[in-house]
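File shown: query-v1.tsv. Contents: TSV, C-alpha atoms and all ligand atoms.
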chain	number	residue	atom	x	y	z
B	139	MET	CA	0.00	0.00	0.00
B	140	THR	CA	1.20	3.53	-0.74
B	141	LEU	CA	1.02	6.41	1.75
B	142	GLU	CA	-1.92	7.71	-0.23
B	143	ASP	CA	-3.71	4.37	0.19
B	144	TYR	CA	-3.16	4.63	3.95
B	145	MET	CA	-4.54	8.16	4.03
B	146	LEU	CA	-7.60	7.11	2.02
B	147	ARG	CA	-8.08	4.27	4.51
B	148	ALA	CA	-7.89	6.79	7.41
B	149	ILE	CA	-10.51	8.94	5.65
B	150	ALA	CA	-12.73	5.88	5.14
B	151	ILE	CA	-12.66	4.78	8.79
B	152	ALA	CA	-13.66	8.29	9.89
B	153	GLU	CA	-16.69	8.50	7.56
B	154	PRO	CA	-19.22	6.39	9.56
B	155	PHE	CA	-18.97	8.87	12.45
B	156	LYS	CA	-20.20	11.94	10.57
B	157	TYR	CA	-23.52	11.89	12.45
B	158	THR	CA	-22.05	11.40	15.94
B	159	ALA	CA	-18.84	13.47	15.90
B	160	LYS	CA	-20.54	16.70	14.77
B	161	PRO	CA	-20.05	19.59	15.29
B	162	ASN	CA	-16.51	18.25	15.55
B	163	PRO	CA	-14.84	17.08	12.35
B	164	VAL	CA	-14.54	13.37	11.62
B	165	VAL	CA	-10.94	12.25	11.88
B	166	GLY	CA	-9.21	8.93	11.19
B	167	ALA	CA	-5.73	7.79	12.18
B	168	LEU	CA	-3.55	4.76	11.40
B	169	LEU	CA	-0.29	3.56	12.91
B	170	VAL	CA	1.78	1.82	10.31
B	171	SER	CA	4.97	-0.22	10.55
B	172	LYS	CA	6.67	-0.70	7.19
B	173	GLU	CA	3.96	-2.49	5.22
B	174	THR	CA	1.61	-3.36	8.08
B	175	ILE	CA	-1.24	-1.45	9.69
B	176	ILE	CA	-0.72	-1.87	13.45
B	177	SER	CA	-3.84	-0.02	14.58
B	178	GLU	CA	-6.68	2.22	13.46
B	179	GLY	CA	-8.65	4.84	15.34
B	180	ALA	CA	-11.41	7.35	14.66
B	181	HIS	CA	-13.02	10.21	16.53
B	182	GLU	CA	-16.29	8.40	17.05
B	183	ARG	CA	-18.40	10.72	19.15
B	184	PHE	CA	-18.39	14.36	20.16
B	185	GLY	CA	-16.70	14.73	23.55
B	186	GLU	CA	-14.95	11.35	23.31
B	187	ASN	CA	-11.36	10.37	22.43
B	188	HIS	CA	-9.74	11.85	19.38
B	189	ALA	CA	-8.69	9.52	16.55
B	190	GLU	CA	-4.95	9.55	17.34
B	191	ILE	CA	-5.59	8.59	20.98
B	192	ASN	CA	-7.73	5.63	19.91
B	193	ALA	CA	-5.06	4.47	17.44
B	194	ILE	CA	-2.30	4.85	20.04
B	195	SER	CA	-4.13	2.96	22.78
B	196	LYS	CA	-4.92	0.09	20.44
B	197	ALA	CA	-1.27	-0.04	19.33
B	198	LYS	CA	-0.06	-0.10	22.96
B	199	LYS	CA	-1.71	-3.52	23.26
B	200	GLU	CA	0.38	-4.70	20.30
B	201	LEU	CA	3.71	-3.38	21.59
B	202	GLY	CA	6.27	-6.18	21.72
B	203	LYS	CA	3.98	-8.37	19.59
B	204	SER	CA	3.50	-6.96	16.10
B	205	PHE	CA	6.07	-4.15	16.54
B	206	LYS	CA	9.06	-3.42	18.78
B	207	SER	CA	8.98	0.32	19.40
B	208	PHE	CA	6.73	3.32	18.64
B	209	GLU	CA	9.84	4.92	17.12
B	210	ASP	CA	9.46	2.53	14.20
B	211	LEU	CA	5.84	3.56	13.50
B	212	THR	CA	4.43	6.22	11.22
B	213	LEU	CA	1.21	7.94	12.23
B	214	ILE	CA	-1.11	8.76	9.34
B	215	CYS	CA	-3.90	11.12	10.39
B	216	THR	CA	-6.45	12.99	8.36
B	217	LEU	CA	-6.33	16.19	10.46
B	218	GLU	CA	-3.50	17.99	12.23
B	219	PRO	CA	-3.21	16.55	15.76
B	220	CYS	CA	-4.59	19.03	18.27
B	221	SER	CA	-2.50	21.05	20.71
B	222	HIS	CA	-5.27	22.26	23.01
B	223	SER	CA	-6.82	20.74	26.09
B	224	GLY	CA	-10.50	20.57	25.21
B	225	LYS	CA	-12.77	17.74	26.21
B	226	THR	CA	-9.70	15.50	25.94
B	227	GLY	CA	-5.95	16.18	26.23
B	228	PRO	CA	-3.77	17.42	23.37
B	229	CYS	CA	-3.09	14.67	20.80
B	230	ALA	CA	0.27	16.20	19.78
B	231	GLU	CA	1.58	15.68	23.33
B	232	ALA	CA	0.30	12.11	23.45
B	233	ILE	CA	2.09	11.41	20.15
B	234	ILE	CA	5.36	12.89	21.44
B	235	GLU	CA	5.14	10.83	24.64
B	236	THR	CA	4.95	7.57	22.69
B	237	GLY	CA	8.16	8.35	20.80
B	238	ILE	CA	6.56	8.24	17.32
B	239	LYS	CA	9.03	9.88	14.93
B	240	LYS	CA	6.99	10.38	11.77
B	241	VAL	CA	3.54	11.90	11.27
B	242	ILE	CA	1.76	12.33	7.94
B	243	ILE	CA	-1.20	14.71	8.01
B	244	GLY	CA	-4.01	15.25	5.52
B	245	ALA	CA	-4.99	18.85	6.35
B	246	LEU	CA	-4.12	21.59	8.82
B	247	ASP	CA	-6.76	22.10	11.50
B	248	PRO	CA	-8.46	25.47	10.72
B	249	ASN	CA	-9.74	25.76	14.32
B	250	PRO	CA	-7.86	28.79	15.73
B	251	LEU	CA	-7.27	26.83	18.95
B	252	VAL	CA	-5.03	24.50	16.93
B	253	ALA	CA	-4.22	25.95	13.45
B	254	GLY	CA	-0.56	25.05	13.03
B	255	LYS	CA	0.23	24.82	16.75
B	256	GLY	CA	-0.13	21.03	16.75
B	257	ILE	CA	2.42	20.71	13.96
B	258	ASP	CA	4.80	23.22	15.61
B	259	LEU	CA	4.74	21.19	18.81
B	260	LEU	CA	5.53	17.98	16.93
B	261	ILE	CA	8.39	19.55	14.97
B	262	LYS	CA	9.87	21.20	18.09
B	263	ASN	CA	10.00	17.77	19.66
B	264	GLY	CA	11.91	16.22	16.79
B	265	VAL	CA	9.00	14.59	14.96
B	266	ASN	CA	9.24	14.50	11.18
B	267	VAL	CA	5.97	15.96	9.81
B	268	GLU	CA	4.47	16.00	6.32
B	269	VAL	CA	1.23	17.84	5.53
B	270	GLY	CA	-1.20	17.88	2.61
B	271	LEU	CA	-1.66	14.27	1.55
B	272	CYS	CA	-5.25	13.92	0.21
B	273	GLN	CA	-6.00	17.38	1.59
B	274	ASP	CA	-8.93	17.97	-0.76
B	275	GLU	CA	-10.61	14.71	0.26
B	276	VAL	CA	-10.18	15.56	3.97
B	277	LYS	CA	-11.61	19.05	3.46
B	278	ASN	CA	-14.47	17.69	1.45
B	279	GLN	CA	-15.24	15.12	4.13
B	280	ASN	CA	-15.47	17.91	6.71
B	281	LYS	CA	-17.05	20.50	4.46
B	282	PHE	CA	-19.02	22.33	7.17
B	283	PHE	CA	-16.13	22.38	9.67
B	284	PHE	CA	-13.66	23.93	7.19
B	285	TYR	CA	-16.30	26.29	5.82
B	286	LYS	CA	-17.10	27.69	9.26
B	287	HIS	CA	-13.48	28.43	10.13
B	288	GLU	CA	-12.57	29.75	6.69
B	289	ASN	CA	-15.62	32.02	6.39
B	290	SER	CA	-16.26	32.99	10.04
B	291	LYS	CA	-19.84	31.83	9.75
B	292	PRO	CA	-21.61	28.49	9.62
B	293	TYR	CA	-22.70	26.95	6.33
B	294	ILE	CA	-26.34	27.95	5.94
B	295	THR	CA	-28.89	25.90	4.04
B	296	ILE	CA	-32.56	26.66	3.50
B	297	LYS	CA	-34.92	23.76	3.01
B	298	ILE	CA	-38.30	24.37	1.41
B	299	ALA	CA	-41.15	22.15	0.28
B	300	SER	CA	-43.03	23.73	-2.59
B	301	SER	CA	-46.02	22.93	-4.73
B	302	ALA	CA	-45.72	22.73	-8.52
B	303	ASP	CA	-46.74	26.42	-8.64
B	304	GLY	CA	-44.08	27.47	-6.08
B	305	LYS	CA	-46.37	27.79	-3.06
B	306	SER	CA	-45.64	27.01	0.56
B	307	HIS	CA	-49.00	26.49	2.25
B	308	ASN	CA	-52.62	27.58	2.08
B	309	LEU	CA	-53.64	31.12	3.03
B	310	ASP	CA	-56.29	29.86	5.44
B	311	GLY	CA	-53.64	27.86	7.29
B	312	SER	CA	-55.31	24.54	6.43
B	313	SER	CA	-52.61	21.97	6.71
B	314	THR	CA	-51.78	19.98	3.61
B	315	TRP	CA	-48.63	17.93	3.09
B	316	ILE	CA	-47.11	19.40	-0.01
B	317	THR	CA	-44.59	16.65	-0.67
B	318	SER	CA	-44.65	12.86	-0.43
B	319	LYS	CA	-43.88	10.74	2.64
B	320	GLU	CA	-40.62	9.69	0.95
B	321	SER	CA	-39.50	13.31	0.54
B	322	ARG	CA	-40.27	13.96	4.19
B	323	GLU	CA	-38.16	10.94	5.13
B	324	ASP	CA	-35.33	12.35	3.05
B	325	VAL	CA	-35.61	15.59	5.05
B	326	GLN	CA	-34.91	13.59	8.22
B	327	GLU	CA	-31.55	12.50	6.81
B	328	VAL	CA	-30.73	16.05	5.75
B	329	ARG	CA	-31.53	17.26	9.29
B	330	ALA	CA	-29.25	14.58	10.74
B	331	LEU	CA	-26.27	16.10	8.91
B	332	TYR	CA	-26.68	19.59	10.36
B	333	ASP	CA	-25.45	20.98	13.68
B	334	ALA	CA	-28.49	23.20	14.22
B	335	ILE	CA	-32.00	23.74	12.84
B	336	LEU	CA	-33.51	27.20	12.87
B	337	THR	CA	-37.16	28.05	12.57
B	338	GLY	CA	-39.51	30.96	13.27
B	339	GLY	CA	-42.32	31.53	15.76
B	340	ASN	CA	-45.13	31.18	13.23
B	341	THR	CA	-43.92	27.77	12.12
B	342	VAL	CA	-43.73	26.56	15.73
B	343	ILE	CA	-47.25	27.80	16.43
B	344	ASP	CA	-48.93	26.84	13.14
B	345	ASP	CA	-47.27	23.50	12.41
B	346	ASN	CA	-46.25	22.25	15.89
B	347	PRO	CA	-43.14	20.61	14.36
B	348	ARG	CA	-40.70	18.40	16.27
B	349	MET	CA	-37.78	19.58	14.10
B	350	ASN	CA	-35.53	16.72	15.14
B	351	ALA	CA	-33.86	14.12	12.94
B	352	ARG	CA	-35.97	10.97	13.02
B	353	VAL	CA	-33.58	8.47	11.49
B	354	ASN	CA	-32.83	4.84	12.25
B	355	PHE	CA	-29.15	5.39	13.06
B	356	GLU	CA	-27.31	7.06	15.93
B	357	VAL	CA	-27.17	10.82	15.56
B	358	ASN	CA	-26.05	13.78	17.58
B	359	GLN	CA	-29.37	15.63	17.31
B	360	PRO	CA	-29.20	19.12	15.79
B	361	LYS	CA	-29.57	21.94	18.30
B	362	LYS	CA	-32.78	23.93	17.91
B	363	ILE	CA	-32.84	27.67	17.34
B	364	LEU	CA	-36.07	29.65	17.50
B	365	LEU	CA	-35.88	33.06	15.87
B	366	SER	CA	-38.83	35.06	17.14
B	367	ASN	CA	-39.64	38.03	19.30
B	368	LYS	CA	-42.88	36.48	20.50
B	369	ASP	CA	-43.02	35.55	24.18
B	370	ASP	CA	-46.12	33.46	24.57
B	371	PHE	CA	-45.02	30.05	23.32
B	372	ASN	CA	-46.68	26.94	24.63
B	373	MET	CA	-43.74	25.20	26.23
B	374	GLU	CA	-45.60	21.89	25.89
B	375	SER	CA	-45.50	22.10	22.08
B	376	ASN	CA	-43.40	19.53	20.21
B	377	PHE	CA	-40.57	21.93	19.40
B	378	PHE	CA	-39.63	22.39	23.06
B	379	LYS	CA	-40.02	18.76	24.12
B	380	ASN	CA	-36.81	17.18	25.47
B	381	SER	CA	-34.70	19.91	23.90
B	382	ASP	CA	-32.68	22.91	24.88
B	383	VAL	CA	-33.91	25.58	22.53
B	384	LEU	CA	-31.83	28.65	21.84
B	385	VAL	CA	-34.28	31.54	21.52
B	386	VAL	CA	-32.98	34.46	19.47
B	387	LYS	CA	-35.04	37.65	19.58
B	388	ASP	CA	-33.00	39.76	17.19
B	389	THR	CA	-34.75	40.94	14.03
B	390	ASP	CA	-31.54	41.91	12.23
B	391	ILE	CA	-30.74	38.72	10.30
B	392	HIS	CA	-27.21	39.88	9.41
B	393	LYS	CA	-26.49	40.21	13.11
B	394	VAL	CA	-28.10	36.84	13.86
B	395	ILE	CA	-25.78	35.20	11.31
B	396	LYS	CA	-22.75	37.11	12.63
B	397	ASP	CA	-23.56	35.93	16.16
B	398	PHE	CA	-23.60	32.30	14.97
B	399	GLN	CA	-19.82	32.54	14.76
B	400	LYS	CA	-19.65	32.64	18.57
B	401	LEU	CA	-21.51	29.34	18.78
B	402	SER	CA	-20.03	25.94	18.03
B	403	TYR	CA	-22.32	25.24	15.06
B	404	CYS	CA	-20.60	24.67	11.72
B	405	SER	CA	-23.89	24.29	9.85
B	406	VAL	CA	-27.44	25.60	10.23
B	407	LEU	CA	-30.50	24.29	8.39
B	408	ILE	CA	-33.33	26.78	8.09
B	409	GLU	CA	-36.83	25.35	7.97
B	410	ALA	CA	-39.24	28.24	8.21
B	411	GLY	CA	-42.07	30.01	6.44
B	412	PRO	CA	-41.77	32.33	3.41
B	413	LYS	CA	-41.23	35.51	5.45
B	414	LEU	CA	-38.18	34.27	7.35
B	415	VAL	CA	-36.85	32.34	4.35
B	416	ASN	CA	-36.92	35.53	2.25
B	417	ALA	CA	-35.30	37.55	5.04
B	418	PHE	CA	-32.40	35.07	5.05
B	419	LEU	CA	-32.19	34.97	1.23
B	420	ASP	CA	-32.07	38.78	1.16
B	421	THR	CA	-28.88	38.81	3.27
B	422	GLY	CA	-26.98	37.00	0.50
B	423	LEU	CA	-25.39	34.87	3.24
B	424	VAL	CA	-27.23	31.63	2.49
B	425	ASP	CA	-25.01	28.94	0.92
B	426	GLU	CA	-27.49	26.35	-0.28
B	427	VAL	CA	-31.19	25.88	-0.96
B	428	ILE	CA	-32.78	22.44	-0.99
B	429	GLU	CA	-36.18	22.46	-2.63
B	430	TYR	CA	-38.57	19.50	-2.55
B	431	LYS	CA	-41.00	20.24	-5.34
B	432	SER	CA	-44.30	18.45	-5.69
B	433	SER	CA	-46.02	17.81	-9.04
B	434	GLU	CA	-49.33	19.17	-7.66
B	435	PRO	CA	-50.20	22.89	-7.68
B	436	LEU	CA	-51.83	24.58	-4.67
B	437	GLY	CA	-53.57	27.20	-6.81
B	438	LYS	CA	-55.00	30.51	-5.72
B	439	LYS	CA	-55.33	29.59	-2.03
B	440	GLY	CA	-51.58	28.98	-1.77
B	441	VAL	CA	-48.92	31.39	-0.46
B	442	SER	CA	-45.88	31.81	-2.73
B	443	TRP	CA	-42.38	31.14	-1.43
B	444	LEU	CA	-40.87	33.91	-3.50
B	445	LYS	CA	-42.05	37.32	-4.66
B	446	LYS	CA	-43.83	37.49	-8.02
B	447	ASN	CA	-41.53	36.64	-10.95
B	448	SER	CA	-38.60	35.97	-8.61
B	449	THR	CA	-36.63	32.70	-8.72
B	450	ILE	CA	-34.02	31.05	-6.53
B	451	GLU	CA	-31.51	31.81	-9.30
B	452	ASN	CA	-32.24	35.54	-8.82
B	453	PHE	CA	-30.55	35.26	-5.42
B	454	GLY	CA	-27.32	34.11	-7.09
B	455	PHE	CA	-27.87	30.36	-6.83
B	456	LYS	CA	-27.18	27.77	-9.52
B	457	LEU	CA	-29.12	24.55	-9.78
B	458	GLU	CA	-26.52	21.92	-8.93
B	459	SER	CA	-28.48	18.68	-8.91
B	460	THR	CA	-31.97	17.27	-9.25
B	461	CYS	CA	-33.31	13.88	-8.31
B	462	LYS	CA	-36.72	12.32	-8.31
B	463	ILE	CA	-38.29	11.18	-5.04
B	464	LYS	CA	-41.58	9.45	-5.86
B	465	SER	CA	-43.67	12.09	-7.62
B	466	ASP	CA	-41.55	14.96	-6.20
B	467	ILE	CA	-38.28	16.46	-7.42
B	468	LYS	CA	-35.47	17.33	-5.01
B	469	LYS	CA	-33.42	20.25	-6.28
B	470	ILE	CA	-30.17	21.42	-4.74
B	471	TYR	CA	-29.03	24.98	-5.45
B	472	ARG	CA	-25.62	26.36	-4.45
B	473	LYS	CA	-23.94	29.73	-4.79
W	1	LIG	C1	-7.51	15.81	16.74
W	1	LIG	N1	-8.01	14.58	16.54
W	1	LIG	O1	-9.71	13.18	16.24
W	1	LIG	C2	-10.19	15.48	16.29
W	1	LIG	C3	-9.64	16.78	16.41
W	1	LIG	O2	-13.93	19.41	21.87
W	1	LIG	P1	-12.68	18.61	21.71
W	1	LIG	O3	-11.75	18.69	22.86
W	1	LIG	O4	-12.97	17.19	21.29
W	1	LIG	O5	-11.86	19.30	20.51
W	1	LIG	C4	-12.46	19.47	19.28
W	1	LIG	C5	-11.51	20.15	18.33
W	1	LIG	O6	-10.35	19.33	18.14
W	1	LIG	C6	-12.12	20.30	16.94
W	1	LIG	O7	-12.79	21.52	16.80
W	1	LIG	C7	-10.89	20.23	16.06
W	1	LIG	O8	-10.19	21.46	16.05
W	1	LIG	C8	-10.04	19.19	16.78
W	1	LIG	N2	-10.45	17.86	16.32
W	1	LIG	N3	-8.31	16.90	16.59
W	1	LIG	O9	-6.33	15.95	17.05
W	1	LIG	C9	-9.30	14.35	16.34
W	1	LIG	N4	-11.53	15.28	16.11
W	2	ZN	ZN	-6.76	15.78	19.43
For this file, produce the structure as structure tokens.
Amino acid sequence: MTLEDYMLRAIAIAEPFKYTAKPNPVVGALLVSKETIISEGAHERFGENHAEINAISKAKKELGKSFKSFEDLTLICTLEPCSHSGKTGPCAEAIIETGIKKVIIGALDPNPLVAGKGIDLLIKNGVNVEVGLCQDEVKNQNKFFFYKHENSKPYITIKIASSADGKSHNLDGSSTWITSKESREDVQEVRALYDAILTGGNTVIDDNPRMNARVNFEVNQPKKILLSNKDDFNMESNFFKNSDVLVVKDTDIHKVIKDFQKLSYCSVLIEAGPKLVNAFLDTGLVDEVIEYKSSEPLGKKGVSWLKKNSTIENFGFKLESTCKIKSDIKKIYRK
């Protein structure tokens, strides 16, 4: 196997944890002796051991069996080993303590707590470090994490369900499912990928949504954000059940987005009504729109998502992909 094969393997073992490590990045690490993989580790869950620590502790059990000394091993890790004491100790120090002499890294950690300091620590302690192997794949795997640190804001996606004639719901508030059951199941998987879900007061009152990710795999549930200056919410409604809800009263959406930077979220999914959706689109700070479009029109009774003659493209988005879900079409637009 080449070094690149090892790095691709490290990326692959990290992938299954994308729903449980968030808002942390997924990270994979391998300890390799000549042509043999001695151990593998991943950052499996938020708050738990980092990948390098898992790989090192597994290898410790093999010491004297499949290899003689940590000095003979190369550590391959997808992300720069951390230098900070967060929920766990600094990985760079743990690596130095073992005596490992060579570390190959996919990408620098953009988190300002680390950003280059992990590598500096390794080099200062005589470790030979190489950076950049399969960097694009690592960044792509942790798209939201890199985006947040590189743009000082989370990645923001708006999800809408629209009728064939671009409407959101009926004027009289009568509840009709616009899209199919299958599309609504797909939404659950989209929710599972995001760190936070934001909605508005009217949606909470009119639709009584749960706004969690109902999927049949383990997931770190998205945090809930309610953007509303109303005060009289029924705390028994679904949205508040078993959840800490962050209530934001600001009406200046630019400021709301700016303030996201202080929070740990790397991604926010907006599921709200036309008013709030348009307010976010108007800021120009939305990165993606996911539209589930039904083949049925709502007609005159329906409320349009966008202003007359306006399109998602008018906000600077390009249609990136379309796929059919039963009788609906899922469209993904990006900037
Ligand atoms: C590593 N190896 O496997 C991961 C790293 O909250 P904590 O203490 O778990 O720290 C999270 C930060 O650590 C995260 O934002 C990122 O900068 C880095 N993630 N680093 O050495 C790992 N998952
Ligand atoms: Zn670490």
Please report as CSV every residue of chain B lying within 9 Å of ligand LIG 1 (chain W), along with the nearest atom pair and their distance in Å (one decimal), using all atoms listed in the file.
residue,atom,partner,partner_atom,distance
B:Ala152,CA,W:LIG1,O1,8.9
B:Ala159,CA,W:LIG1,N4,7.5
B:Pro161,CA,W:LIG1,O7,7.7
B:Asn162,CA,W:LIG1,C6,5.0
B:Pro163,CA,W:LIG1,N4,5.3
B:Val164,CA,W:LIG1,N4,5.7
B:Val165,CA,W:LIG1,O1,4.6
B:Gly166,CA,W:LIG1,O1,6.6
B:Ala167,CA,W:LIG1,O1,7.8
B:Gly179,CA,W:LIG1,O1,8.5
B:Ala180,CA,W:LIG1,O1,6.3
B:His181,CA,W:LIG1,O1,4.5
B:Glu182,CA,W:LIG1,O1,8.2
B:Arg183,CA,W:LIG1,O4,8.7
B:Phe184,CA,W:LIG1,O4,6.2
B:Gly185,CA,W:LIG1,O4,5.0
B:Glu186,CA,W:LIG1,O4,6.5
B:Asn187,CA,W:LIG1,O1,7.0
B:His188,CA,W:LIG1,O1,3.4
B:Ala189,CA,W:LIG1,O1,3.8
B:Glu190,CA,W:LIG1,N1,5.9
B:Ile191,CA,W:LIG1,O1,7.8
B:Asn192,CA,W:LIG1,O1,8.6
B:Cys215,CA,W:LIG1,N1,8.2
B:Thr216,CA,W:LIG1,N1,8.5
B:Leu217,CA,W:LIG1,C1,6.4
B:Glu218,CA,W:LIG1,O9,6.0
B:Pro219,CA,W:LIG1,O9,3.4
B:Cys220,CA,W:LIG1,O9,3.7
B:Ser221,CA,W:LIG1,O9,7.4
B:His222,CA,W:LIG1,O3,7.4
B:Ser223,CA,W:LIG1,O3,6.2
B:Gly224,CA,W:LIG1,O3,3.3
B:Lys225,CA,W:LIG1,O3,3.6
B:Thr226,CA,W:LIG1,O3,4.9
B:Gly227,CA,W:LIG1,O3,7.2
B:Pro228,CA,W:LIG1,O9,7.0
B:Cys229,CA,W:LIG1,O9,5.1
B:Ala230,CA,W:LIG1,O9,7.1
B:Asp247,CA,W:LIG1,O8,5.7
B:Pro248,CA,W:LIG1,O8,6.9
B:Asn249,CA,W:LIG1,O8,4.7
B:Pro250,CA,W:LIG1,O8,7.7
B:Leu251,CA,W:LIG1,O8,6.8
B:Val252,CA,W:LIG1,O8,6.1
B:Ala253,CA,W:LIG1,O8,7.9
B:Gly256,CA,W:LIG1,O9,8.0
B:Phe283,CA,W:LIG1,O7,7.9
B:Ser402,CA,W:LIG1,O7,8.6
Per-residue nearest contacts region 275-304 of chain B to region 336-352 of chain B, cut-off 12 Å, using only C-alpha atoms, as a tab-separated table:
residue	atom	partner	partner_atom	distance
B:Ile294	CA	B:Leu336	CA	10.0
B:Thr295	CA	B:Leu336	CA	10.1
B:Ile296	CA	B:Leu336	CA	9.4
B:Lys297	CA	B:Leu336	CA	10.5
B:Ile298	CA	B:Thr337	CA	11.8
Residue nearest ligand ZN 2 (chain W) - candidates B:Leu141, B:Leu146, B:Ile233, B:Ile395, atoms counted: all atoms listed in the file: B:Ile233
Provide the CA of Cys404 (chain B) to CA of Asp333 (chain B) distance in Å, to one decimal place.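 For CA of Cys404 (chain B) relative to CA of Asp333 (chain B), the distance reads 6.4 Å.
Atom to atom, CA of Glu320 (chain B) and CA of Ile467 (chain B) stand 11.0 Å apart.
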Skipping near chain neighbours, those fewer than 4 positions away, what residues fall within 8 Å of region 200-212 of chain B using only C-alpha atoms, listed as an NGL selection string? :B and (169-172 or 176 or 196 or 236-242)
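Between Gly304 (chain B) and the candidates B:Val328, B:Ile450, B:Ile363, B:Ile391, the tightest atom-to-atom separation, counting only C-alpha atoms, involves B:Ile450.
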Rank B:Val415, B:Ile194, B:Gly454, B:Ala330 by their smallest atom-to-atom distance to ligand ZN 2 (chain W), using all atoms listed in the file, and report the top residue only. B:Ile194
Need the shell around Asp397 (chain B): protein/DNA/RNA residues with any atom at most 12 Å away, counting all atoms listed in the file. Skip same-chain ones fewer than 3 positions apart. Format as a ChimeraX atom specification? /B:290-292,386,388,390-394,400-403
When distances are computed from all atoms listed in the file, which of B:Ala197, B:Ile214, B:Leu436, B:Ala232 shows the smallest separation from ligand ZN 2 (chain W)? B:Ala232
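With only C-alpha atoms as the atoms that count, the residue of B:Asn280, B:Glu374, B:Asn289, B:Lys255 with the shortest distance to Phe398 (chain B) is B:Asn289.
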Just give me the gap between CA of Lys473 (chain B) and CA of Glu429 (chain B) in Å, one decimal is fine.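 Here the two named atoms are 14.4 Å from each other.
Compared by their closest atoms to Glu327 (chain B), and using only C-alpha atoms, the residues B:Lys462, B:Thr174, B:Lys156, B:Thr389 rank with B:Lys156 nearest.
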List as a tab-separated table (two decimals) with C-alpha atoms, in the frame of the given file: which residues have an atom within 12 Å of (-44.7, 34.4, -5.1), counting only C-alpha atoms?
chain	number	residue	atom	x	y	z
B	300	SER	CA	-43.03	23.73	-2.59
B	301	SER	CA	-46.02	22.93	-4.73
B	303	ASP	CA	-46.74	26.42	-8.64
B	304	GLY	CA	-44.08	27.47	-6.08
B	305	LYS	CA	-46.37	27.79	-3.06
B	306	SER	CA	-45.64	27.01	0.56
B	307	HIS	CA	-49.00	26.49	2.25
B	412	PRO	CA	-41.77	32.33	3.41
B	413	LYS	CA	-41.23	35.51	5.45
B	416	ASN	CA	-36.92	35.53	2.25
B	437	GLY	CA	-53.57	27.20	-6.81
B	438	LYS	CA	-55.00	30.51	-5.72
B	440	GLY	CA	-51.58	28.98	-1.77
B	441	VAL	CA	-48.92	31.39	-0.46
B	442	SER	CA	-45.88	31.81	-2.73
B	443	TRP	CA	-42.38	31.14	-1.43
B	444	LEU	CA	-40.87	33.91	-3.50
B	445	LYS	CA	-42.05	37.32	-4.66
B	446	LYS	CA	-43.83	37.49	-8.02
B	447	ASN	CA	-41.53	36.64	-10.95
B	448	SER	CA	-38.60	35.97	-8.61
B	449	THR	CA	-36.63	32.70	-8.72
B	450	ILE	CA	-34.02	31.05	-6.53
